[in-house]
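Everything below belongs to run38.txt, which stores compact mmCIF, C-alpha atoms.
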# COMPACT_ATOMS: atom_id res chain seq x y z
CA MET A 1 8.47 -5.41 -15.92
CA ASN A 2 8.92 -1.72 -16.52
CA MET A 3 6.04 0.37 -15.32
CA GLU A 4 6.06 3.19 -17.82
CA SER A 5 3.71 5.50 -15.98
CA SER A 6 4.08 7.09 -12.59
CA PHE A 7 0.29 7.33 -12.43
CA PRO A 8 -1.73 4.62 -10.71
CA ILE A 9 -2.82 1.92 -13.16
CA THR A 10 -5.79 -0.46 -12.99
CA THR A 11 -4.59 -3.39 -15.07
CA LYS A 12 -3.58 -6.91 -14.17
CA THR A 13 -0.04 -8.17 -14.82
CA PRO A 14 1.78 -11.46 -14.22
CA ASN A 15 3.02 -9.90 -10.95
CA THR A 16 -0.49 -9.23 -9.70
CA PRO A 17 -1.46 -11.47 -6.78
CA GLU A 18 -4.74 -13.29 -7.28
CA PHE A 19 -7.16 -14.72 -4.76
CA THR A 20 -10.81 -15.58 -4.50
CA ASP A 21 -11.89 -14.54 -1.00
CA TYR A 22 -13.07 -11.04 -0.20
CA GLY A 23 -10.08 -8.89 0.60
CA ILE A 24 -7.05 -7.21 -0.86
CA SER A 25 -3.61 -8.58 -1.65
CA ILE A 26 -0.38 -6.89 -2.72
CA ALA A 27 3.11 -7.79 -3.98
CA ILE A 28 6.07 -5.45 -4.33
CA VAL A 29 8.41 -5.97 -7.29
CA LYS A 30 11.49 -3.92 -8.18
CA ASP A 31 11.48 -3.09 -11.88
CA GLU A 32 14.39 -2.60 -14.25
CA LEU A 33 14.47 1.13 -13.49
CA ASP A 34 14.95 0.37 -9.75
CA GLN A 35 11.39 1.48 -9.05
CA TYR A 36 9.40 -0.45 -6.45
CA ILE A 37 6.00 -1.27 -7.91
CA CYS A 38 3.07 -2.36 -5.74
CA TYR A 39 0.92 -4.84 -7.68
CA GLY A 40 -2.42 -5.58 -6.12
CA SER A 41 -5.90 -6.96 -6.49
CA PHE A 42 -9.04 -6.67 -4.45
CA VAL A 43 -12.28 -8.61 -4.27
CA THR A 44 -15.21 -6.93 -2.55
CA PRO A 45 -18.85 -7.93 -2.07
CA LEU A 46 -21.39 -6.69 -4.62
CA THR A 47 -23.40 -5.27 -1.73
CA LYS A 48 -20.68 -2.66 -1.21
CA SER A 49 -21.75 -0.87 -4.39
CA ASP A 50 -19.72 2.30 -3.79
CA LEU A 51 -16.36 0.54 -3.50
CA SER A 52 -13.91 1.06 -6.32
CA HIS A 53 -10.24 1.91 -6.85
CA LYS A 54 -11.07 5.33 -5.42
CA SER A 55 -11.51 3.71 -2.00
CA LEU A 56 -8.01 2.26 -2.07
CA VAL A 57 -5.59 3.58 0.57
CA LEU A 58 -1.84 3.06 0.46
CA THR A 59 0.37 3.38 3.56
CA ILE A 60 4.16 3.38 3.34
CA ASN A 61 6.31 3.58 6.47
CA SER A 62 10.01 3.54 7.15
CA ASN A 63 12.13 4.61 10.08
CA GLY A 64 9.34 6.53 11.77
CA ARG A 65 8.39 8.38 8.58
CA PHE A 66 5.17 7.53 6.78
CA LYS A 67 2.88 8.43 3.94
CA VAL A 68 -0.83 7.65 3.68
CA ILE A 69 -2.64 8.40 0.44
CA ALA A 70 -5.62 7.40 -1.68
CA PRO A 71 -3.81 7.09 -5.04
CA PHE A 72 -6.94 6.82 -7.20
CA LYS A 73 -9.02 9.39 -5.31
CA ASP A 74 -8.73 12.07 -7.99
CA THR A 75 -8.25 9.89 -11.06
CA ILE A 76 -10.80 9.13 -13.72
CA LEU A 77 -11.96 5.54 -13.70
CA PHE A 78 -13.93 3.57 -16.27
CA ASN A 79 -16.56 0.89 -15.80
CA GLU A 80 -14.15 -1.67 -17.24
CA ASP A 81 -11.72 -1.02 -14.40
CA ILE A 82 -13.95 -3.13 -12.17
CA ILE A 83 -14.84 -6.71 -13.12
CA LEU A 84 -18.19 -7.90 -11.89
CA THR A 85 -18.56 -11.57 -11.06
CA LYS A 86 -21.60 -13.39 -9.69
CA ASN A 87 -20.91 -12.38 -6.09
CA SER A 88 -18.15 -9.86 -6.15
CA LYS A 89 -16.33 -6.91 -7.66
CA VAL A 90 -12.72 -7.45 -8.67
CA GLY A 91 -10.12 -4.75 -9.29
CA TYR A 92 -6.43 -4.68 -10.07
CA PHE A 93 -3.88 -1.96 -9.51
CA GLN A 94 -0.24 -1.00 -9.97
CA LEU A 95 1.32 1.77 -7.94
CA ASN A 96 4.83 3.10 -8.30
CA ILE A 97 5.77 3.46 -4.62
CA MET A 98 8.63 5.83 -5.39
CA THR A 99 6.30 8.50 -6.77
CA TYR A 100 4.59 8.78 -3.38
CA LEU A 101 7.73 9.21 -1.30
CA ASP A 102 8.71 12.82 -0.69
CA ILE A 103 12.34 11.80 -0.19
CA THR A 104 13.91 8.40 -0.67
CA LEU A 105 16.22 7.51 2.20
CA PRO A 106 17.96 4.16 2.74
CA GLY A 107 16.08 1.80 5.04
CA GLU A 108 13.44 -0.87 5.30
CA TYR A 109 10.05 0.12 3.95
CA HIS A 110 6.73 -1.49 4.86
CA THR A 111 3.68 -1.13 2.65
CA ILE A 112 0.03 -1.95 3.25
CA CYS A 113 -3.11 -1.21 1.23
CA SER A 114 -6.69 -1.12 2.35
CA ILE A 115 -10.10 -0.92 0.78
CA ASP A 116 -13.00 -0.36 3.15
CA LYS A 117 -12.42 -2.69 6.12
CA PHE A 118 -10.18 -5.03 4.16
CA LEU A 119 -6.47 -4.70 4.94
CA SER A 120 -3.87 -6.28 2.70
CA ASN A 121 -0.79 -8.25 3.63
CA ILE A 122 2.18 -6.08 4.56
CA GLU A 123 5.06 -6.15 2.09
CA HIS A 124 8.52 -4.81 2.76
CA PHE A 125 11.51 -3.84 0.68
CA ASN A 126 14.93 -2.32 1.35
CA ILE A 127 16.45 0.73 -0.20
CA SER A 128 20.19 0.84 0.28
CA MET B 1 -10.40 -21.11 15.71
CA GLN B 2 -10.36 -18.90 18.78
CA GLN B 3 -9.35 -15.29 18.28
CA PRO B 4 -6.04 -14.42 20.00
CA TYR B 5 -7.70 -11.33 21.45
CA LYS B 6 -11.03 -10.16 22.81
CA ILE B 7 -12.51 -6.76 21.99
CA PRO B 8 -14.95 -5.42 24.61
CA ASN B 9 -17.45 -3.91 22.18
CA ASP B 10 -20.01 -3.08 24.85
CA CYS B 11 -17.66 -1.11 27.10
CA ASN B 12 -18.25 2.46 28.24
CA PHE B 13 -16.25 4.79 25.98
CA THR B 14 -17.66 7.83 27.79
CA GLN B 15 -15.56 6.86 30.82
CA VAL B 16 -12.43 6.99 28.66
CA ILE B 17 -13.37 10.46 27.44
CA GLU B 18 -14.26 11.66 30.95
CA SER B 19 -10.91 10.45 32.24
CA GLY B 20 -9.27 12.84 29.79
CA PHE B 21 -7.94 9.85 27.82
CA GLY B 22 -5.60 8.92 30.66
CA ARG B 23 -2.06 9.99 31.30
CA ASN B 24 -0.79 12.75 28.98
CA GLY B 25 -4.04 12.71 27.09
CA SER B 26 -3.29 9.57 25.11
CA GLY B 27 -3.40 6.97 27.87
CA ILE B 28 -0.07 5.39 27.03
CA ASN B 29 0.31 2.14 28.96
CA GLN B 30 -2.97 2.62 30.78
CA SER B 31 -5.63 0.00 30.25
CA ASN B 32 -9.32 0.57 30.78
CA SER B 33 -12.57 -1.31 30.29
CA CYS B 34 -12.41 -0.66 26.52
CA SER B 35 -8.86 -1.94 26.03
CA PRO B 36 -8.75 -5.12 23.91
CA GLU B 37 -7.56 -8.13 25.87
CA ILE B 38 -4.86 -10.36 24.42
CA MET B 39 -5.76 -13.99 25.12
CA ASP B 40 -2.90 -15.71 23.32
CA LEU B 41 0.50 -14.94 24.84
CA ASN B 42 2.12 -15.69 21.48
CA PHE B 43 0.11 -12.95 19.79
CA ASN B 44 2.15 -10.23 18.13
CA GLY B 45 0.41 -7.18 16.82
CA ILE B 46 -2.01 -4.37 17.48
CA VAL B 47 -5.71 -4.56 18.35
CA ILE B 48 -7.96 -1.52 18.53
CA ASN B 49 -11.40 -0.73 19.86
CA ALA B 50 -13.53 2.35 19.22
CA PRO B 51 -17.21 3.27 19.43
CA ASN B 52 -19.20 2.21 16.38
CA GLU B 53 -21.15 5.43 16.36
CA ILE B 54 -20.74 9.05 17.42
CA ILE B 55 -23.69 11.44 17.57
CA PHE B 56 -22.75 15.10 17.54
CA ASP B 57 -24.44 18.51 17.73
CA THR B 58 -21.64 20.70 16.41
CA ASP B 59 -18.68 19.67 14.32
CA SER B 60 -16.12 21.08 16.78
CA THR B 61 -13.45 18.64 17.92
CA GLU B 62 -11.42 21.12 19.96
CA ASN B 63 -10.70 20.42 23.64
CA ASN B 64 -11.88 16.84 23.30
CA GLN B 65 -15.36 17.93 22.24
CA ASN B 66 -17.05 15.14 20.21
CA ALA B 67 -14.04 12.94 20.91
CA ILE B 68 -13.58 9.47 19.49
CA PRO B 69 -11.41 7.36 21.79
CA LEU B 70 -9.25 4.76 20.14
CA CYS B 71 -8.40 2.15 22.76
CA GLY B 72 -5.61 -0.16 21.74
CA THR B 73 -3.43 -2.94 23.03
CA TYR B 74 -0.21 -4.13 21.43
CA ALA B 75 2.31 -6.92 21.84
CA HIS B 76 5.59 -6.61 20.00
CA ASP B 77 8.38 -9.17 19.77
CA MET B 78 11.51 -7.06 20.11
CA GLY B 79 13.26 -9.50 17.80
CA VAL B 80 11.03 -8.32 14.97
CA TYR B 81 12.85 -5.53 13.24
CA ILE B 82 11.17 -2.14 13.41
CA ASP B 83 13.42 0.39 11.79
CA THR B 84 12.57 3.39 13.87
CA LYS B 85 14.28 5.71 16.25
CA LYS B 86 11.06 6.33 18.14
CA ASN B 87 9.43 4.20 20.83
CA PHE B 88 7.24 1.47 19.39
CA ILE B 89 4.04 3.12 20.58
CA ASN B 90 5.00 6.45 18.98
CA SER B 91 5.76 4.72 15.69
CA ILE B 92 2.26 3.32 15.24
CA ILE B 93 0.50 5.00 12.32
CA PHE B 94 -3.21 5.59 12.75
CA VAL B 95 -5.21 5.76 9.53
CA VAL B 96 -8.68 7.27 9.24
CA VAL B 97 -10.61 6.97 5.97
CA ASP B 98 -13.88 8.67 5.10
CA THR B 99 -15.71 5.96 3.19
CA LYS B 100 -17.93 8.48 1.40
CA THR B 101 -15.31 10.91 0.04
CA ASN B 102 -12.24 8.61 0.30
CA GLU B 103 -10.44 11.38 2.14
CA THR B 104 -7.68 10.00 4.38
CA TRP B 105 -6.06 11.34 7.52
CA SER B 106 -3.23 9.84 9.51
CA GLY B 107 -1.02 10.50 12.48
CA GLN B 108 0.99 9.17 15.37
CA ILE B 109 0.88 9.63 19.12
CA PRO B 110 3.39 12.41 19.78
CA GLU B 111 6.52 11.44 21.65
CA LEU B 112 6.72 12.77 25.19
CA GLN B 113 9.83 12.63 27.35
CA ASN B 114 10.09 9.92 30.03
CA LEU B 115 6.90 8.16 28.97
CA ALA B 116 8.46 4.89 27.98
CA ARG B 117 12.02 3.91 28.73
CA LYS B 118 14.06 1.98 26.26
CA PRO B 119 14.62 -1.60 27.47
CA LYS B 120 17.81 -2.46 29.28
CA SER B 121 19.91 -5.44 28.30
CA ILE B 122 19.68 -8.70 30.24
CA SER B 123 22.72 -7.86 32.33
CA GLY B 124 21.19 -4.55 33.29
CA ASP B 125 23.74 -2.31 31.60
CA ARG B 126 22.99 -0.02 28.68
CA LYS B 127 24.58 -2.27 26.08
CA LYS B 128 22.50 -2.32 22.92
CA LEU B 129 20.87 -5.71 22.40
CA THR B 130 21.10 -7.40 19.07
CA LEU B 131 17.91 -8.44 17.27
CA GLU B 132 18.85 -12.07 17.98
CA GLU B 133 19.13 -11.37 21.73
CA MET B 134 15.77 -9.63 21.70
CA LYS B 135 13.93 -12.42 19.89
CA GLY B 136 11.08 -13.75 22.01
CA ARG B 137 11.13 -10.77 24.37
CA ILE B 138 7.65 -9.34 24.09
CA ILE B 139 6.84 -5.80 25.07
CA GLY B 140 3.23 -4.82 25.28
CA GLY B 141 1.17 -1.86 26.24
CA TYR B 142 -1.89 0.25 25.76
CA PHE B 143 -2.88 3.52 24.17
CA ASN B 144 -6.10 5.55 24.27
CA PRO B 145 -5.79 8.69 22.16
CA ASN B 146 -8.61 10.82 20.80
CA ILE B 147 -8.62 10.26 17.03
CA PHE B 148 -9.06 13.99 16.44
CA ASN B 149 -5.98 14.82 18.53
CA ILE B 150 -3.56 12.56 16.66
CA THR B 151 -4.89 13.03 13.13
CA SER B 152 -6.33 16.05 11.38
CA ALA B 153 -9.57 14.18 10.67
CA ARG B 154 -12.63 16.37 10.48
CA LEU B 155 -16.01 15.55 11.96
CA TYR B 156 -19.11 15.48 9.79
CA GLU B 157 -21.85 13.03 8.90
CA THR B 158 -20.12 10.06 7.33
CA GLU B 159 -18.69 6.63 8.04
CA TYR B 160 -15.04 6.35 8.97
CA ILE B 161 -12.78 3.33 8.78
CA VAL B 162 -9.98 3.37 11.33
CA TYR B 163 -6.95 1.10 11.68
CA ALA B 164 -3.36 1.14 12.82
CA THR B 165 -0.14 -0.17 11.32
CA VAL B 166 3.60 -0.11 11.96
CA GLY B 167 6.35 -2.17 10.37
CA PRO B 168 5.05 -5.70 9.79
CA TYR B 169 2.01 -5.20 12.05
CA LYS B 170 -1.54 -4.19 11.23
CA SER B 171 -4.54 -3.92 13.50
CA ASN B 172 -8.15 -4.84 12.95
CA ALA B 173 -10.22 -2.21 11.14
CA ILE B 174 -13.19 -0.50 12.78
CA THR B 175 -16.14 1.31 11.23
CA ILE B 176 -17.36 4.44 13.04
CA LYS B 177 -20.58 6.11 11.92
CA ALA B 178 -20.83 9.83 12.62
CA THR B 179 -24.38 11.19 12.81
CA LYS B 180 -25.51 14.73 13.44
CA ARG B 181 -28.20 14.92 16.10
CA LYS B 182 -31.58 15.88 14.65
CA GLN B 183 -32.81 19.28 15.83
CA LYS B 184 -36.15 19.13 17.65

Just dump the structure as structure tokens.
Amino acid sequence: MNMESSFPITTKTPNTPEFTDYGISIAIVKDELDQYICYGSFVTPLTKSDLSHKSLVLTINSNGRFKVIAPFKDTILFNEDIILTKNSKVGYFQLNIMTYLDITLPGEYHTICSIDKFLSNIEHFNIS
Amino acid sequence: MQQPYKIPNDCNFTQVIESGFGRNGSGINQSNSCSPEIMDLNFNGIVINAPNEIIFDTDSTENNQNAIPLCGTYAHDMGVYIDTKKNFINSIIFVVVDTKTNETWSGQIPELQNLARKPKSISGDRKKLTLEEMKGRIIGGYFNPNIFNITSARLYETEYIVYATVGPYKSNAITIKATKRKQK
């Protein structure tokens, strides 16, 4: 799937991992433009009322270099970006990893996302 | 299921601060009463411990004033590929998040000469081991830096989330509440 925007996106796609427990999950997929896209979803308790995409933190590391950012921190979000269920808040996201790298060097890259105390799985990909 | 590690939540973090955070100010490979204990010898990863609350008078964090010690223990299978030219301990990325503003800060323990030697091969020479040869060889250690010395995090009334990650490893996440002392 071609991610047309380099901006963070809050929609669900067939690549988006899905789960029911509280937490955050990610999957990295290389698109047809050779961009590595991080697809993710999070489920947080309703009691954590202030949690949203803005609380999401992305960490990328490779060969001793790293980048830590909050991709949605300064973006405008809408109420529909968060789905409220009986017990939880659910959100989806797509991040073009390449837009957050200052320089792209060959190597193995590891990526993790977090929201509040929830840490995602770590996904890796190779750039050769 | 039993946790593969034990975190001494009720330990005395003041002692860690008073010790100057151990050798070279980041306590590399020095354990203390706040260091998480690995119970399962097969455990691979990073575990951290930090005070759940800091009460401060001024927001200065210079010269270890209002320090937040981050006591960690790690176990790393050398057969797990970490693509880095640094020592494992200096490759760990520490992430601090302000849960109120979503501001993030990050950093690593700076590399100092002669702190940790690169492992020798089985035969004792300097031949570089292959990943296959290193599989199952666990190296472990400790670290105790002051969060404010390794990241550019600022101190003010908020709640921080702190965790560590490197390569395929991630630590537990800790919440630290920062409260300004009420003036009498």

Take every atom of range 26-43 of chain B listed in the file, pad by 5 Å on each side, and give me the axis-aligned box centre and edge lengths in Å, one decimal, as AutoDock Vina command-line options.
--center_x -5.2 --center_y -3.1 --center_z 25.3 --size_x 24.7 --size_y 35.3 --size_z 21.0

Using only C-alpha atoms, tabulate the residues of chain B lying at most 9 Å from any atom of chain A, each with its closest atom pair and that distance in Å to one decimal, by chain and increasing residue number, as a Markdown table.
| residue | atom | partner | partner_atom | distance |
| --- | --- | --- | --- | --- |
| B:Ile82 | CA | A:Asn63 | CA | 7.6 |
| B:Asp83 | CA | A:Asn63 | CA | 4.7 |
| B:Thr84 | CA | A:Asn63 | CA | 4.0 |
| B:Lys85 | CA | A:Asn63 | CA | 6.6 |
| B:Lys86 | CA | A:Gly64 | CA | 6.6 |
| B:Asn90 | CA | A:Gly64 | CA | 8.4 |
| B:Ser91 | CA | A:Gly64 | CA | 5.6 |
| B:Ile92 | CA | A:Gly64 | CA | 8.5 |
| B:Ile93 | CA | A:Phe66 | CA | 7.7 |
| B:Val95 | CA | A:Val68 | CA | 7.5 |
| B:Val97 | CA | A:Val57 | CA | 8.1 |
| B:Asp98 | CA | A:Ser55 | CA | 9.0 |
| B:Thr99 | CA | A:Asp116 | CA | 6.9 |
| B:Lys100 | CA | A:Asp50 | CA | 8.3 |
| B:Thr101 | CA | A:Ser55 | CA | 8.4 |
| B:Asn102 | CA | A:Ser55 | CA | 5.5 |
| B:Glu103 | CA | A:Ala70 | CA | 7.3 |
| B:Thr104 | CA | A:Ile69 | CA | 6.6 |
| B:Trp105 | CA | A:Val68 | CA | 7.5 |
| B:Ser106 | CA | A:Val68 | CA | 6.7 |
| B:Gly107 | CA | A:Phe66 | CA | 8.9 |
| B:Ile161 | CA | A:Lys117 | CA | 6.6 |
| B:Val162 | CA | A:Lys117 | CA | 8.4 |
| B:Tyr163 | CA | A:Lys117 | CA | 8.7 |
| B:Thr165 | CA | A:Ile112 | CA | 8.3 |
| B:Val166 | CA | A:Asn61 | CA | 7.1 |
| B:Gly167 | CA | A:His110 | CA | 5.6 |
| B:Pro168 | CA | A:Ile122 | CA | 6.0 |
| B:Tyr169 | CA | A:Ile122 | CA | 7.5 |
| B:Lys170 | CA | A:Ile122 | CA | 7.9 |
| B:Ser171 | CA | A:Leu119 | CA | 8.8 |
| B:Asn172 | CA | A:Leu119 | CA | 8.2 |
| B:Ala173 | CA | A:Lys117 | CA | 5.5 |
| B:Ile174 | CA | A:Lys117 | CA | 7.1 |
| B:Thr175 | CA | A:Lys117 | CA | 7.5 |

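Our summary of the geometry notes that CA of Thr13 in chain A is positioned 25.9 Å from CA of Thr104 in chain A.
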
Discussion item. As an exercise, work out the distance from CA of Ser52 in chain A to CA of Gly91 in chain A in Å and give it to one decimal place.
Written reply: 7.5 Å

Worksheet entry | From B:Asn87, B:Gln15, B:Gly79, B:Ile28, residue lying nearest Thr130 in chain B [all atoms listed in the file] | B:Gly79

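Computed from the coordinates, the CA of Ile103 in chain A to CA of Ile127 in chain A distance equals 11.8 Å.
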
Practice prompt. For Asp40 in chain B, work out the shell of residues within 12 Å, counting all atoms listed in the file and skipping chain neighbours fewer than 6 positions away, then give it as a ChimeraX atom specification.
Written response: /B:1-6,75

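Selection around (-8.1, 8.6, 23.8) with radius 8 Å, counting all atoms listed in the file, yields the residues Val16, Ile17, Gly20, Phe21, Gly22, Gly25, Ser26, Gly27, Ala67, Ile68, Pro69, Leu70, Cys71, Phe143, Asn144, Pro145, Asn146 and Ile147 of chain B.
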
Would you mind exporting the chosen residues as a CSV table (one decimal), in the coordinates of the input, restricted to C-alpha atoms?
chain,number,residue,atom,x,y,z
B,16,VAL,CA,-12.4,7.0,28.7
B,17,ILE,CA,-13.4,10.5,27.4
B,20,GLY,CA,-9.3,12.8,29.8
B,21,PHE,CA,-7.9,9.8,27.8
B,22,GLY,CA,-5.6,8.9,30.7
B,25,GLY,CA,-4.0,12.7,27.1
B,26,SER,CA,-3.3,9.6,25.1
B,27,GLY,CA,-3.4,7.0,27.9
B,67,ALA,CA,-14.0,12.9,20.9
B,68,ILE,CA,-13.6,9.5,19.5
B,69,PRO,CA,-11.4,7.4,21.8
B,70,LEU,CA,-9.2,4.8,20.1
B,71,CYS,CA,-8.4,2.2,22.8
B,143,PHE,CA,-2.9,3.5,24.2
B,144,ASN,CA,-6.1,5.6,24.3
B,145,PRO,CA,-5.8,8.7,22.2
B,146,ASN,CA,-8.6,10.8,20.8
B,147,ILE,CA,-8.6,10.3,17.0

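Among A:Ile28, A:Pro71, A:Asp21, A:Thr16, the residue with the shortest atom-to-atom distance to Thr99 in chain A, counting all atoms listed in the file, is A:Pro71.
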
Discussion item. Residues within 9 Å of Asn87 in chain A, please, as a ChimeraX atom specification. Count all atoms listed in the file; anything in the same chain fewer than 5 positions from it doesn't count.
Written reply: /A:44-47

Selection export as an mmCIF file, in the frame of the given file, atoms kept: C-alpha atoms:
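New file again.cif:
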data_model
loop_
_atom_site.group_PDB
_atom_site.id
_atom_site.type_symbol
_atom_site.label_atom_id
_atom_site.label_comp_id
_atom_site.auth_asym_id
_atom_site.auth_seq_id
_atom_site.Cartn_x
_atom_site.Cartn_y
_atom_site.Cartn_z
ATOM 1 C CA THR A 44 -15.210 -6.930 -2.550
ATOM 2 C CA PRO A 45 -18.850 -7.930 -2.070
ATOM 3 C CA LEU A 46 -21.390 -6.690 -4.620
ATOM 4 C CA THR A 47 -23.400 -5.270 -1.730
#

Item to complete: Pick out the closest residue to Asn29 in chain B from this set: B:Thr73, B:Asn52, B:Thr151, B:Gln183. Count all atoms listed in the file.
Response: B:Thr73

Practice prompt. Counting all atoms listed in the file, note down every residue that has an atom within 12 Å of the point (-2.7, -12.7, -8.3) (file coordinates), as a ChimeraX atom specification.
Written response: /A:11-21,24-27,39-43,90-93

Take range 22-47 of chain B, bring it up to N, CA and C atoms, and give me the output as a compact mmCIF listing (two decimals), in the coordinates of the input.
# COMPACT_ATOMS: atom_id res chain seq x y z
N GLY B 22 -6.71 9.48 29.87
CA GLY B 22 -5.60 8.92 30.66
C GLY B 22 -4.39 9.82 30.65
N ARG B 23 -3.30 9.24 31.12
CA ARG B 23 -2.06 9.99 31.30
C ARG B 23 -1.63 10.70 30.01
N ASN B 24 -1.28 11.94 30.11
CA ASN B 24 -0.79 12.75 28.98
C ASN B 24 -1.78 12.82 27.81
N GLY B 25 -3.00 12.56 28.11
CA GLY B 25 -4.04 12.71 27.09
C GLY B 25 -4.07 11.66 26.01
N SER B 26 -3.21 10.66 26.10
CA SER B 26 -3.29 9.57 25.11
C SER B 26 -3.23 8.21 25.78
N GLY B 27 -3.26 8.22 27.11
CA GLY B 27 -3.40 6.97 27.87
C GLY B 27 -2.35 5.93 27.56
N ILE B 28 -1.12 6.37 27.34
CA ILE B 28 -0.07 5.39 27.03
C ILE B 28 0.15 4.48 28.23
N ASN B 29 0.10 3.18 27.95
CA ASN B 29 0.31 2.14 28.96
C ASN B 29 -0.70 2.18 30.09
N GLN B 30 -1.89 2.67 29.81
CA GLN B 30 -2.97 2.62 30.78
C GLN B 30 -4.13 1.86 30.16
N SER B 31 -4.49 0.76 30.78
CA SER B 31 -5.63 0.00 30.25
C SER B 31 -6.91 0.50 30.89
N ASN B 32 -8.01 0.24 30.23
CA ASN B 32 -9.32 0.57 30.78
C ASN B 32 -10.31 -0.48 30.30
N SER B 33 -11.58 -0.28 30.61
CA SER B 33 -12.57 -1.31 30.29
C SER B 33 -12.76 -1.50 28.78
N CYS B 34 -12.27 -0.55 27.98
CA CYS B 34 -12.41 -0.66 26.52
C CYS B 34 -11.15 -1.22 25.86
N SER B 35 -10.10 -1.43 26.62
CA SER B 35 -8.86 -1.94 26.03
C SER B 35 -9.05 -3.39 25.58
N PRO B 36 -8.69 -3.72 24.36
CA PRO B 36 -8.75 -5.12 23.91
C PRO B 36 -7.85 -5.99 24.79
N GLU B 37 -8.30 -7.21 24.99
CA GLU B 37 -7.56 -8.13 25.87
C GLU B 37 -6.87 -9.19 25.01
N ILE B 38 -5.58 -9.34 25.18
CA ILE B 38 -4.86 -10.36 24.42
C ILE B 38 -4.95 -11.69 25.17
N MET B 39 -5.52 -12.69 24.49
CA MET B 39 -5.76 -13.99 25.12
C MET B 39 -4.60 -14.95 24.87
N ASP B 40 -3.97 -14.80 23.72
CA ASP B 40 -2.90 -15.71 23.32
C ASP B 40 -1.55 -15.01 23.56
N LEU B 41 -0.77 -15.58 24.47
CA LEU B 41 0.50 -14.94 24.84
C LEU B 41 1.50 -14.91 23.68
N ASN B 42 1.23 -15.71 22.65
CA ASN B 42 2.12 -15.69 21.48
C ASN B 42 1.70 -14.64 20.45
N PHE B 43 0.62 -13.94 20.75
CA PHE B 43 0.11 -12.95 19.79
C PHE B 43 1.09 -11.78 19.65
N ASN B 44 1.32 -11.39 18.45
CA ASN B 44 2.15 -10.23 18.13
C ASN B 44 1.33 -9.31 17.26
N GLY B 45 1.15 -8.09 17.68
CA GLY B 45 0.41 -7.18 16.82
C GLY B 45 -0.31 -6.11 17.60
N ILE B 46 -1.26 -5.50 16.90
CA ILE B 46 -2.01 -4.37 17.48
C ILE B 46 -3.49 -4.68 17.35
N VAL B 47 -4.25 -4.40 18.40
CA VAL B 47 -5.71 -4.56 18.35
C VAL B 47 -6.32 -3.25 18.83
